[in-house]
Amino acid sequence: MPKTVQGLGRRWVSPQRRIDHRTQADQPDDSRPRGAVGVAWEFARGGERRKSLRDTASAALKAAKSADTAAAREAAWAAMSAAGAAYLHPLAKATQVKHILGAAAYAARAAELVAGDDRSVAAEHLERAVHHATPGVVDVLKPFPAAPSGRSGWRVDSPAGR
């Protein structure tokens with residue numbers, strides 16, 4: 001499972017790295033989300049699954065709780081999800097889908113907020129994530145039931161997001 005999880009990480013950490021710089025202006029002194037993305041990227045590129053993934057995911061969650069803006073909060077959640085994805089459980093439950101797709105979904109929402117709540121921006125980010133999904137990512141997702149709708153009503157399993 002770890003090699004498969006590393007492959008997932010490469011797909012989902014990359015979009016988060018692009019979002020991270022856009023939200024740094026909101027929380028320039030808070031390095032916790034960037035730290036989580038850095039450790040997640042290290043793992044995704046073949047590094048070991050270490051305690052630092054859990055520690056930085058937890059730190060990013062704390063950053064989300066103290067964020068001053070919704071975009072910074074979503075970006076911190078994306079960072080937390082990117083680092084936490086290394087600990088995917090092989091349980092075919094809808095709640096696990098969030099571990100697989102959470103970083104991409106939160107990063108898309110952060111981008112949407114940065115763009116003035118423009119849903120087309122989130123749709124573009126999600127479309128890019130779908131196009132970057134390798135057959136290995138699809139194989140990992142197949143045994144899972146559909147993810148529940150998020151707070152915004154977006155559904156990962158719907159082509160239109162709704």
# chains A, B, ... in the order shown; residues from 1 in each chain; ligands from 1

call {"tool": "residues_around", "arguments": {"residues": "Ser120 (chain A)", "least_positions_apart": "4", "cutoff": "12 Å", "atoms": "only C-alpha atoms", "output": "list in words"}}
result
Ala108, Arg109, Ala111, Glu112, Leu113, Ala115, Gly116, Glu124, His125, Leu126, Glu127, Ala160 and Gly161 of chain A

call {"tool": "select_by_dssp", "arguments": {"residues": "region 14-146 of chain A", "states": "helix (DSSP H, G or I)", "output": "JSON, numbers by chain"}}
result
{"A": [14, 15, 16, 17, 18, 19, 20, 21, 22, 23, 32, 33, 34, 35, 36, 37, 38, 39, 40, 41, 42, 43, 44, 51, 52, 53, 54, 55, 56, 57, 58, 59, 60, 61, 62, 63, 64, 65, 70, 71, 72, 73, 74, 75, 76, 77, 78, 79, 80, 81, 82, 83, 84, 85, 86, 87, 94, 95, 96, 97, 98, 99, 100, 101, 102, 103, 104, 105, 106, 107, 108, 109, 110, 111, 112, 113, 114, 119, 120, 121, 122, 123, 124, 125, 126, 127, 128, 129, 130, 131, 132, 135, 136, 137, 138, 139, 140, 141]}

call {"tool": "residues_around", "arguments": {"residues": "Ala85 (chain A)", "least_positions_apart": "3", "cutoff": "7 Å", "atoms": "only C-alpha atoms", "output": "NGL selection string"}}
result
:A and (9 or 81-82 or 88 or 99-100)

call {"tool": "closest_residue", "arguments": {"among": "A:Asp68, A:Gln96, A:Leu141, A:Ala86", "to": "Thr56 (chain A)", "atoms": "only C-alpha atoms"}}
result
A:Ala86

call {"tool": "closest_residue", "arguments": {"among": "A:Ala104, A:Ala83, A:Arg50, A:Ala71", "to": "Ala36 (chain A)", "atoms": "only C-alpha atoms"}}
result
A:Ala83

call {"tool": "atom_distance", "arguments": {"atom1": "CA of Lys65 (chain A)", "atom2": "CA of Trp77 (chain A)"}}
result
9.2 Å

call {"tool": "residues_around", "arguments": {"residues": "Glu74 (chain A)", "least_positions_apart": "4", "cutoff": "7 Å", "atoms": "only C-alpha atoms", "output": "ChimeraX atom specification"}}
result
/A:70,78,106-107,109-110
